[in-house]
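First the structure, in the form of structure tokens, and then the observations on it.
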Amino acid sequence: TQLLEQSPQFLSIQEGENLTVYCNSSSVFSSLQWYRQEPGEGPVLLVTVVTGGEVKKLKRLTFQFGDARKDSSLHITAAQPGDTGLYLCAGNYGQNFVFGPGTRLSVLP
Amino acid sequence: NAGVTQTPKFQVLKTGQSMTLQCAQDMNHEYMSWYRQDPGMGLRLIHYSVGAGITDQGEVPNGYNVSRSTTEDFPLRLLSAAPSQTSVYFCASGRALLGGYEQYFGPGTRLTVT
């Protein structure tokens, strides 16, 4: 059974701070996606990483895929209240997906 | 493009009733899937399809049926609703990538079974 763990589970920070959230597994994935979900809405795709060691940047967000394709991190620089939400990672293996439980981020003004 | 659309947005059923959750996509994606999201459990895959006429089970398929007669539509059927099926249901469509897929989600259907 493929499992994904995310840490921390909850994070509350002040506007302007930096943060990193983690997504870990003992399994290898062909790709990994990060999503942000707001209350009452569906997850919105932020990024897909495919190659081990890959780093992708999306404005203030930096995503990294581990060399062994088992883990990933999301770093946010100078967090803003608009970054508040549930951050989900999802591992893809063939035709299947497994989701982590999420990191709930709150950025206070 | 509307992306992935789901109807209804909210539904209340009595135990034993049946219903179909509708899902449609206009991105011409071959891959489509259904998830349920429960507090503390994350998103769990119910069924998926890699093309018209092809479906397969995910992690939690019991109590649900699917069919895929067209590329655009992927309905989820609850045959005899149970309180344990109270959840938020998300449909997604997937773009093929090297070795896998990248998914895009609909807005969800919140289902309550009493």
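As shown in the structure tokens, the chain order sets the letters A, B, ...; within each chain, residues go from 1, and ligands are also counted from 1 in the order they appear.
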| request: Can you pull out every residue within 8 Å of Leu45 (chain B), counting only C-alpha atoms, but drop anything in the same chain fewer than 3 positions away, and send it as a VMD selection string? | output: (chain A and resid 97 to 98) or (chain B and resid 33 to 36 48 58 to 61)
| task | Skip region 8-18 of chain A itself and residues of its chain fewer than 3 positions away, then list as a list in words all residues within 10 Å of it, counting only C-alpha atoms. | result |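 Returned residues: Glu5, Val21, Tyr22, Cys23, Arg60, His75, Ile76, Thr77, Ala78, Ala79, Gln80, Pro81, Gly82, Asp83, Thr84, Leu86, Tyr87, Pro101, Gly102, Thr103, Arg104, Leu105, Ser106, Val107, Leu108 and Pro109 of chain A.
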For the residues in the current selection, export C-alpha atoms as a tab-separated table (two decimals), in the first residue's frame.
chain	number	residue	atom	x	y	z
A	5	GLU	CA	2.74	11.60	5.00
A	21	VAL	CA	6.06	21.85	4.31
A	22	TYR	CA	7.05	18.28	3.61
A	23	CYS	CA	5.59	15.28	1.82
A	60	ARG	CA	7.01	32.85	-4.13
A	75	HIS	CA	8.78	26.35	0.41
A	76	ILE	CA	6.88	29.64	0.56
A	77	THR	CA	8.84	32.89	0.80
A	78	ALA	CA	7.29	35.93	2.47
A	79	ALA	CA	3.91	34.30	3.06
A	80	GLN	CA	0.78	36.36	2.49
A	81	PRO	CA	-2.78	35.93	3.85
A	82	GLY	CA	-3.80	34.79	0.35
A	83	ASP	CA	-1.58	31.72	0.82
A	84	THR	CA	-3.93	30.44	3.53
A	86	LEU	CA	-4.97	23.28	2.77
A	87	TYR	CA	-1.88	22.11	0.88
A	101	PRO	CA	-3.62	14.18	4.56
A	102	GLY	CA	-2.59	17.78	3.95
A	103	THR	CA	-0.99	20.71	5.75
A	104	ARG	CA	-3.42	23.37	6.87
A	105	LEU	CA	-1.69	26.76	6.61
A	106	SER	CA	-2.96	29.95	8.17
A	107	VAL	CA	-1.16	33.21	7.40
A	108	LEU	CA	-2.13	36.00	9.76
A	109	PRO	CA	-1.98	39.66	8.66
When you look at Ala90 (chain A) with a cut-off of 10 Å (counting only C-alpha atoms), what residues show up, excluding the ones that are within fewer than 6 positions of it in the same chain? I need them as a PDB file with N, CA and C atoms, in the first residue's frame.
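Final output, saved to selection-v7.pdb:
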ATOM      1  N   LEU A   3       1.637   5.013   0.767  1.00  0.00           N
ATOM      2  CA  LEU A   3       1.210   6.006   1.735  1.00  0.00           C
ATOM      3  C   LEU A   3       2.040   7.267   1.585  1.00  0.00           C
ATOM      4  N   LEU A   4       1.391   8.410   1.801  1.00  0.00           N
ATOM      5  CA  LEU A   4       2.085   9.685   1.813  1.00  0.00           C
ATOM      6  C   LEU A   4       1.823  10.357   3.147  1.00  0.00           C
ATOM      7  N   CYS A  23       6.414  16.395   2.292  1.00  0.00           N
ATOM      8  CA  CYS A  23       5.595  15.280   1.825  1.00  0.00           C
ATOM      9  C   CYS A  23       6.536  14.084   1.681  1.00  0.00           C
ATOM     10  N   PHE A  29       7.439   7.317  -6.733  1.00  0.00           N
ATOM     11  CA  PHE A  29       6.343   7.776  -7.577  1.00  0.00           C
ATOM     12  C   PHE A  29       6.872   8.217  -8.947  1.00  0.00           C
ATOM     13  N   SER A  31       5.417  10.606 -10.614  1.00  0.00           N
ATOM     14  CA  SER A  31       5.324  12.063 -10.528  1.00  0.00           C
ATOM     15  C   SER A  31       4.642  12.418  -9.214  1.00  0.00           C
ATOM     16  N   LEU A  32       4.735  13.673  -8.854  1.00  0.00           N
ATOM     17  CA  LEU A  32       4.102  14.133  -7.627  1.00  0.00           C
ATOM     18  C   LEU A  32       3.504  15.500  -7.895  1.00  0.00           C
ATOM     19  N   GLN A  33       2.280  15.678  -7.416  1.00  0.00           N
ATOM     20  CA  GLN A  33       1.614  16.961  -7.587  1.00  0.00           C
ATOM     21  C   GLN A  33       1.382  17.621  -6.240  1.00  0.00           C
ATOM     22  N   TRP A  34       1.367  18.953  -6.250  1.00  0.00           N
ATOM     23  CA  TRP A  34       0.963  19.757  -5.105  1.00  0.00           C
ATOM     24  C   TRP A  34      -0.298  20.521  -5.482  1.00  0.00           C
ATOM     25  N   TYR A  35      -1.259  20.525  -4.537  1.00  0.00           N
ATOM     26  CA  TYR A  35      -2.520  21.229  -4.723  1.00  0.00           C
ATOM     27  C   TYR A  35      -2.752  22.156  -3.534  1.00  0.00           C
ATOM     28  N   THR A  48       3.391  20.085 -10.926  1.00  0.00           N
ATOM     29  CA  THR A  48       3.720  18.661 -11.060  1.00  0.00           C
ATOM     30  C   THR A  48       5.238  18.550 -11.194  1.00  0.00           C
ATOM     31  N   PHE A  97      -3.371   7.050  -7.837  1.00  0.00           N
ATOM     32  CA  PHE A  97      -2.912   8.201  -7.082  1.00  0.00           C
ATOM     33  C   PHE A  97      -3.125   7.934  -5.603  1.00  0.00           C
ATOM     34  N   VAL A  98      -2.215   8.487  -4.793  1.00  0.00           N
ATOM     35  CA  VAL A  98      -2.426   8.500  -3.357  1.00  0.00           C
ATOM     36  C   VAL A  98      -2.171   9.922  -2.876  1.00  0.00           C
ATOM     37  N   PHE A  99      -3.046  10.388  -1.975  1.00  0.00           N
ATOM     38  CA  PHE A  99      -2.948  11.736  -1.452  1.00  0.00           C
ATOM     39  C   PHE A  99      -2.460  11.703  -0.012  1.00  0.00           C
ATOM     40  N   GLY A 100      -1.697  12.715   0.342  1.00  0.00           N
ATOM     41  CA  GLY A 100      -1.366  12.923   1.736  1.00  0.00           C
ATOM     42  C   GLY A 100      -2.543  13.582   2.446  1.00  0.00           C
ATOM     43  N   PRO A 101      -2.510  13.607   3.788  1.00  0.00           N
ATOM     44  CA  PRO A 101      -3.625  14.176   4.555  1.00  0.00           C
ATOM     45  C   PRO A 101      -3.672  15.700   4.530  1.00  0.00           C
ATOM     46  N   GLY A 102      -2.574  16.341   4.081  1.00  0.00           N
ATOM     47  CA  GLY A 102      -2.591  17.783   3.948  1.00  0.00           C
ATOM     48  C   GLY A 102      -1.921  18.532   5.075  1.00  0.00           C
TER      49      GLY A 102
ATOM     50  N   LEU B  43      -8.018  12.600   0.645  1.00  0.00           N
ATOM     51  CA  LEU B  43      -8.737  12.196  -0.567  1.00  0.00           C
ATOM     52  C   LEU B  43      -8.428  10.738  -0.860  1.00  0.00           C
ATOM     53  N   GLU B 102      -1.543  13.980 -14.639  1.00  0.00           N
ATOM     54  CA  GLU B 102      -1.653  15.202 -13.843  1.00  0.00           C
ATOM     55  C   GLU B 102      -3.139  15.528 -13.794  1.00  0.00           C
ATOM     56  N   GLN B 103      -3.714  15.658 -12.587  1.00  0.00           N
ATOM     57  CA  GLN B 103      -5.158  15.753 -12.454  1.00  0.00           C
ATOM     58  C   GLN B 103      -5.647  17.171 -12.191  1.00  0.00           C
TER      59      GLN B 103
END
Using only C-alpha atoms, find each residue of chain B with at least one atom at most 9 Å away from an atom of chain A; report its shortest atom-to-atom pair and that distance in Å (one decimal), sort the rows by chain and rising residue number, and return the result as CSV.
residue,atom,partner,partner_atom,distance
B:Tyr31,CA,A:Gln95,CA,8.5
B:Gly40,CA,A:Pro101,CA,6.7
B:Met41,CA,A:Pro101,CA,6.3
B:Gly42,CA,A:Pro101,CA,4.5
B:Leu43,CA,A:Phe99,CA,5.9
B:Arg44,CA,A:Phe99,CA,7.1
B:Leu45,CA,A:Phe97,CA,7.2
B:Tyr48,CA,A:Gln95,CA,8.1
B:Ser49,CA,A:Gln95,CA,8.7
B:Val50,CA,A:Gln95,CA,7.7
B:Gly58,CA,A:Asn96,CA,7.3
B:Glu59,CA,A:Val98,CA,9.0
B:Phe90,CA,A:Gly42,CA,7.0
B:Cys91,CA,A:Gly42,CA,8.9
B:Leu97,CA,A:Ser31,CA,8.6
B:Leu98,CA,A:Val50,CA,8.1
B:Gly99,CA,A:Ser30,CA,5.7
B:Gly100,CA,A:Gly94,CA,5.2
B:Tyr101,CA,A:Asn92,CA,7.0
B:Glu102,CA,A:Thr48,CA,7.0
B:Gln103,CA,A:Leu45,CA,7.5
B:Tyr104,CA,A:Leu45,CA,6.5
B:Phe105,CA,A:Gly42,CA,5.8
B:Gly106,CA,A:Gly42,CA,5.7
B:Pro107,CA,A:Gly42,CA,4.5
B:Gly108,CA,A:Gly42,CA,5.9
B:Arg110,CA,A:Gly40,CA,8.9
Just C-alpha atoms for this one: save the residues we selected as a PDB file, in the first residue's frame.
ATOM      1  CA  TYR B  31      -8.131   9.844 -17.606  1.00  0.00           C
ATOM      2  CA  GLY B  40      -8.770  13.268   8.785  1.00  0.00           C
ATOM      3  CA  MET B  41      -8.735  10.771   5.897  1.00  0.00           C
ATOM      4  CA  GLY B  42      -7.634  12.925   2.989  1.00  0.00           C
ATOM      5  CA  LEU B  43      -8.737  12.196  -0.567  1.00  0.00           C
ATOM      6  CA  ARG B  44      -9.303   8.531  -1.357  1.00  0.00           C
ATOM      7  CA  LEU B  45      -9.648   7.141  -4.872  1.00  0.00           C
ATOM      8  CA  TYR B  48     -10.925   5.671 -12.279  1.00  0.00           C
ATOM      9  CA  SER B  49     -11.031   5.361 -16.052  1.00  0.00           C
ATOM     10  CA  VAL B  50      -8.268   5.591 -18.641  1.00  0.00           C
ATOM     11  CA  GLY B  58      -9.410   2.461  -6.629  1.00  0.00           C
ATOM     12  CA  GLU B  59      -8.843   2.241  -2.885  1.00  0.00           C
ATOM     13  CA  PHE B  90     -14.646  15.119  -6.173  1.00  0.00           C
ATOM     14  CA  CYS B  91     -14.306  14.217  -9.810  1.00  0.00           C
ATOM     15  CA  LEU B  97       2.469  12.791 -18.583  1.00  0.00           C
ATOM     16  CA  LEU B  98       5.544  10.642 -19.068  1.00  0.00           C
ATOM     17  CA  GLY B  99       4.866   7.693 -16.744  1.00  0.00           C
ATOM     18  CA  GLY B 100       1.558   8.933 -15.357  1.00  0.00           C
ATOM     19  CA  TYR B 101      -1.019  11.688 -15.179  1.00  0.00           C
ATOM     20  CA  GLU B 102      -1.653  15.202 -13.843  1.00  0.00           C
ATOM     21  CA  GLN B 103      -5.158  15.753 -12.454  1.00  0.00           C
ATOM     22  CA  TYR B 104      -7.569  18.688 -12.462  1.00  0.00           C
ATOM     23  CA  PHE B 105     -10.476  18.677 -10.023  1.00  0.00           C
ATOM     24  CA  GLY B 106     -14.104  19.720 -10.128  1.00  0.00           C
ATOM     25  CA  PRO B 107     -15.814  21.782  -7.409  1.00  0.00           C
ATOM     26  CA  GLY B 108     -17.233  18.801  -5.544  1.00  0.00           C
ATOM     27  CA  ARG B 110     -21.421  17.403  -0.728  1.00  0.00           C
TER      28      ARG B 110
END
| task | Would you please extract all strand (DSSP E or B) residues from chain B, as assigned by DSSP on the backbone, and give them as a PyMOL selection string? | result | chain B and resi 4-7+10-13+19-25+31-38+42-51+54-57+64-66+73+76-78+87-97+100-105+109-113
| What does the distance between CA of Phe65 (chain A) and CA of Gly52 (chain A) come to in Å, to one decimal place? | 5.7 Å
| field | Spatial neighbours of Val113 (chain B), 10 Å, only C-alpha atoms, chain gap at least 2 places, as an NGL selection string | value | :B and (11-17 or 81-87 or 111)
| request: Find the residues around Met27 (chain B) up to 12 Å (only C-alpha atoms counted), leave out those fewer than 2 positions away in its own chain, and share them as a list in words. | output: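 Once the nearby chain positions are removed, what remains is Asn1, Ala2, Gly3, Val4, Thr5, Ala24, Gln25, His29, Glu30, Tyr31, Met32, Thr71, Glu72, Asp73, Ala92, Ser93, Gly94, Arg95, Ala96, Gln103, Tyr104 and Phe105 of chain B.
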| request: Measure the distance from CA of Arg69 (chain A) to CA of Ser27 (chain A) in Å and round it to one decimal. | output: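 Computed distance, CA of Arg69 (chain A) to CA of Ser27 (chain A), equals 8.2 Å.
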